[in-house]
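Just below is one structure, and these are the notes that go with it.
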Amino acid sequence: MNYTKFHNGNSMPSVGLGVFRVENNDVAKDAVKHAIQSGYRSIDAAFIYGNEVKVGEGIAEGIKAANITREDLFITSKIWIDDYGKDNVQKAYEKSLNLLGLDYLDLYLMHWPGTDLDLLLNTWEGMENLYNQQLVKNIGVSNFNIDHLEILINQANVKPVLNQVEFHPYLTQTELRNYLSKHEIKMESWSPLMNAEILQDETVNRIAKEINKSPAQVIIRWNIDHDVITIPKSVTPSRIEENFEVFNFSLNDNQIKRLDALNENKRIGPNPAEFNG
């Protein structure tokens, strides 16, 4: 397992399991449990996904099955736009903790910037309060553009450790990555496999054959080689394992350049400048 260090001295695993679009049933529980048994130590959840109860059950069962402790895991969740506002943040946080059956989170994120910039800043104050009270280990944001980050950083007392965004070879986000690097904020990619769309790409498959790895492993390794934390989602045990077997190889410069050249500035998710829940 590779770990990535934050500007505050804390760190998180480079690869975790995402649970977006996983039903709140035993499929979610079993996927999380299997991931932890397979070596994953990072689980990425969110209130709006509607599956925190079963994700929490999977965490509990995974801890027991893998004979580890809660402290060995890095658990993320996110506050949804409906709960924004400084005075609402702690209630939303505790709501997720109760659903997950946890005492604390390792990372809590603002899920989207939204279109109300005053509300964004007001909500971040609530996030800072959580952090300063040591109720959460780290705070960050998700789907923030440079414009959002500029506004936040200029007003914030606590800088986010991470920005979780859409990132894949069809959307390489070079300007945003450079900005985050300059400000010592880590990038994390959600849906790095583009709901499997990128796995059909000819270049990705050619590179996979060159190194005798799967297309998914190529994309996940490309994230790691760009110093981007990633959380591929799968509920299939064999694919959960496959997606984690990415630490025994790396891509060469030519392969990385070929993948970078696939950029089309193509999104599969909403435009963060316009999305408001």
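Each chain in the structure tokens gets a letter, A, B and so on, in the order shown; residues start at 1 in every chain, and ligands are counted from 1 in the order they appear.
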Report as a ChimeraX atom specification all protein, DNA and RNA residues lying within 12 Å of stretch 129-134 of chain A, evaluated on only C-alpha atoms, omitting residues in the same chain fewer than 3 positions from it. /A:8,86-94,103-109,122-126,137-140,156-161
Let me see the file: selected residues, C-alpha atoms, as a JSON list (two decimals), in the first residue's frame.
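Output file out.json follows:
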```
[["chain", "number", "residue", "atom", "x", "y", "z"],
["A", 8, "ASN", "CA", -0.99, 18.89, 7.94],
["A", 86, "LYS", "CA", -22.05, 26.61, 9.48],
["A", 87, "ASP", "CA", -24.68, 25.71, 12.06],
["A", 88, "ASN", "CA", -25.69, 22.53, 10.21],
["A", 89, "VAL", "CA", -22.28, 20.96, 9.66],
["A", 90, "GLN", "CA", -21.88, 19.17, 13.00],
["A", 91, "LYS", "CA", -25.40, 17.72, 12.81],
["A", 92, "ALA", "CA", -24.73, 16.44, 9.28],
["A", 93, "TYR", "CA", -21.40, 14.98, 10.41],
["A", 94, "GLU", "CA", -23.00, 13.21, 13.37],
["A", 103, "ASP", "CA", -17.00, 7.52, 16.37],
["A", 104, "TYR", "CA", -15.07, 9.70, 13.94],
["A", 105, "LEU", "CA", -14.13, 10.12, 10.28],
["A", 106, "ASP", "CA", -10.63, 10.42, 8.90],
["A", 107, "LEU", "CA", -11.79, 12.84, 6.21],
["A", 108, "TYR", "CA", -14.95, 14.91, 5.78],
["A", 109, "LEU", "CA", -15.57, 16.72, 2.50],
["A", 122, "ASN", "CA", -20.08, 29.80, 5.75],
["A", 123, "THR", "CA", -20.15, 26.02, 5.49],
["A", 124, "TRP", "CA", -16.36, 25.83, 5.48],
["A", 125, "GLU", "CA", -16.38, 27.69, 8.81],
["A", 126, "GLY", "CA", -18.44, 24.81, 10.18],
["A", 137, "LYS", "CA", -8.98, 14.09, 11.46],
["A", 138, "ASN", "CA", -8.96, 16.00, 8.15],
["A", 139, "ILE", "CA", -11.26, 18.27, 6.15],
["A", 140, "GLY", "CA", -11.39, 18.84, 2.41],
["A", 156, "ALA", "CA", -10.08, 30.03, 5.18],
["A", 157, "ASN", "CA", -8.18, 29.62, 8.43],
["A", 158, "VAL", "CA", -7.71, 25.91, 7.72],
["A", 159, "LYS", "CA", -6.71, 24.92, 4.20],
["A", 160, "PRO", "CA", -8.37, 21.79, 2.74],
["A", 161, "VAL", "CA", -6.07, 18.78, 2.58]]
```
Please report as JSON lines every residue of stretch 70-154 of chain A lying within 6 Å of stretch 38-57 of chain A, along with the nearest atom pair and their distance in Å (one decimal), using only C-alpha atoms.
```
{"residue": "A:Leu73", "atom": "CA", "partner": "A:Arg41", "partner_atom": "CA", "distance": 4.7}
{"residue": "A:Phe74", "atom": "CA", "partner": "A:Ser42", "partner_atom": "CA", "distance": 4.6}
{"residue": "A:Ile75", "atom": "CA", "partner": "A:Ile43", "partner_atom": "CA", "distance": 5.1}
{"residue": "A:Thr76", "atom": "CA", "partner": "A:Asp44", "partner_atom": "CA", "distance": 4.8}
{"residue": "A:Ser77", "atom": "CA", "partner": "A:Ala46", "partner_atom": "CA", "distance": 4.4}
{"residue": "A:Lys78", "atom": "CA", "partner": "A:Ala46", "partner_atom": "CA", "distance": 4.6}
{"residue": "A:Leu99", "atom": "CA", "partner": "A:Val53", "partner_atom": "CA", "distance": 4.8}
{"residue": "A:Leu100", "atom": "CA", "partner": "A:Gly56", "partner_atom": "CA", "distance": 4.0}
{"residue": "A:Gly101", "atom": "CA", "partner": "A:Gly56", "partner_atom": "CA", "distance": 5.8}
```
- Item | DSSP-assigned helix (DSSP H, G or I) members of stretch 11-110 of chain A, reported as a PyMOL selection string | chain A and resi 26-37+47-49+52-66+70-72+81-83+86-100
#### Entry: d(atom CA of A:Ile63, atom CA of A:Ile219) in Å
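Separating atom CA of A:Ile63 from atom CA of A:Ile219 is a distance of 28.1 Å.
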Which residues of stretch 182-209 of chain A come within 9 Å of stretch 221-225 of chain A, and for each one, what is the closest pair of atoms and their distance in Å to one decimal, counting only C-alpha atoms, sorted by chain and residue number, as a Markdown table?
```
| residue | atom | partner | partner_atom | distance |
| --- | --- | --- | --- | --- |
| A:Glu188 | CA | A:Asn223 | CA | 8.8 |
| A:Ser189 | CA | A:Asn223 | CA | 7.9 |
| A:Pro192 | CA | A:Asn223 | CA | 8.1 |
```
message: One number please: atom CA of A:His168 to atom CA of A:Val27, in Å, one decimal.
response: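 Computing the Euclidean distance for atom CA of A:His168 and atom CA of A:Val27 yields 26.0 Å.
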Could you pull the residues within 9 Å of stretch 251-267 of chain A, counting only C-alpha atoms, minus those fewer than 3 positions along the same chain, as a VMD selection string?
chain A and resid 166 to 173 194 203 to 204 207 211 218 to 219 221 to 222 225 to 226 270 to 271
Discussion item. For A:Gly58, find every residue with an atom within 7 Å (counting only C-alpha atoms), except residues of its own chain fewer than 2 positions away, and show them as a ChimeraX atom specification.
Written reply: /A:29-30,32-33,54-56,60-62
Given the selection you just returned, output its residues as a file containing N, CA and C atoms, formatted as a PDB file, in the first residue's frame.
```pdb
ATOM      1  N   LYS A  29     -22.349  -3.955   1.759  1.00  0.00           N
ATOM      2  CA  LYS A  29     -21.667  -4.507   2.940  1.00  0.00           C
ATOM      3  C   LYS A  29     -20.579  -5.502   2.526  1.00  0.00           C
ATOM      4  N   ASP A  30     -20.928  -6.412   1.638  1.00  0.00           N
ATOM      5  CA  ASP A  30     -19.979  -7.455   1.237  1.00  0.00           C
ATOM      6  C   ASP A  30     -18.800  -6.885   0.456  1.00  0.00           C
ATOM      7  N   VAL A  32     -17.470  -3.847   0.764  1.00  0.00           N
ATOM      8  CA  VAL A  32     -16.579  -3.163   1.705  1.00  0.00           C
ATOM      9  C   VAL A  32     -15.804  -4.189   2.538  1.00  0.00           C
ATOM     10  N   LYS A  33     -16.498  -5.196   3.017  1.00  0.00           N
ATOM     11  CA  LYS A  33     -15.830  -6.237   3.806  1.00  0.00           C
ATOM     12  C   LYS A  33     -14.736  -6.918   2.984  1.00  0.00           C
ATOM     13  N   LYS A  54     -25.106   0.213   5.350  1.00  0.00           N
ATOM     14  CA  LYS A  54     -24.494  -1.052   4.920  1.00  0.00           C
ATOM     15  C   LYS A  54     -22.976  -0.915   4.743  1.00  0.00           C
ATOM     16  N   VAL A  55     -22.522   0.265   4.341  1.00  0.00           N
ATOM     17  CA  VAL A  55     -21.076   0.500   4.278  1.00  0.00           C
ATOM     18  C   VAL A  55     -20.482   0.363   5.680  1.00  0.00           C
ATOM     19  N   GLY A  56     -21.175   0.917   6.662  1.00  0.00           N
ATOM     20  CA  GLY A  56     -20.713   0.805   8.042  1.00  0.00           C
ATOM     21  C   GLY A  56     -20.676  -0.634   8.529  1.00  0.00           C
ATOM     22  N   ALA A  60     -17.360  -2.720   9.801  1.00  0.00           N
ATOM     23  CA  ALA A  60     -17.298  -3.480  11.066  1.00  0.00           C
ATOM     24  C   ALA A  60     -16.911  -4.935  10.816  1.00  0.00           C
ATOM     25  N   GLU A  61     -17.544  -5.547   9.807  1.00  0.00           N
ATOM     26  CA  GLU A  61     -17.235  -6.955   9.512  1.00  0.00           C
ATOM     27  C   GLU A  61     -15.836  -7.107   8.934  1.00  0.00           C
ATOM     28  N   GLY A  62     -15.421  -6.116   8.141  1.00  0.00           N
ATOM     29  CA  GLY A  62     -14.084  -6.153   7.548  1.00  0.00           C
ATOM     30  C   GLY A  62     -12.992  -6.042   8.602  1.00  0.00           C
TER      31      GLY A  62
END
```
Contacts of A:Asn145 within 8 Å, only C-alpha atoms, excl. fewer than 4 positions in-chain, as number ranges by chain:
A: 149, 176, 272-273
From atom CA of A:Gly269 to atom CA of A:Met187 the spacing works out at 16.7 Å
Restricting to only C-alpha atoms, whichever of A:Gly85, A:Trp112, A:Glu202, A:Pro13 is closest to A:Asp72 is A:Pro13
Looking at only C-alpha atoms, which of A:Leu119, A:Ile81, A:Val22, A:Ala208 is the one that sits closest to A:Phe275?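 Ranked by minimum distance to A:Phe275, first place goes to A:Ile81.
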(Q) Restricting the calculation to only C-alpha atoms: of A:Asp227, A:Leu162, A:Pro215, A:Ile68, which residue gets closest to A:Ile198? (A)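 That would be A:Pro215, the residue with the smallest distance to A:Ile198.
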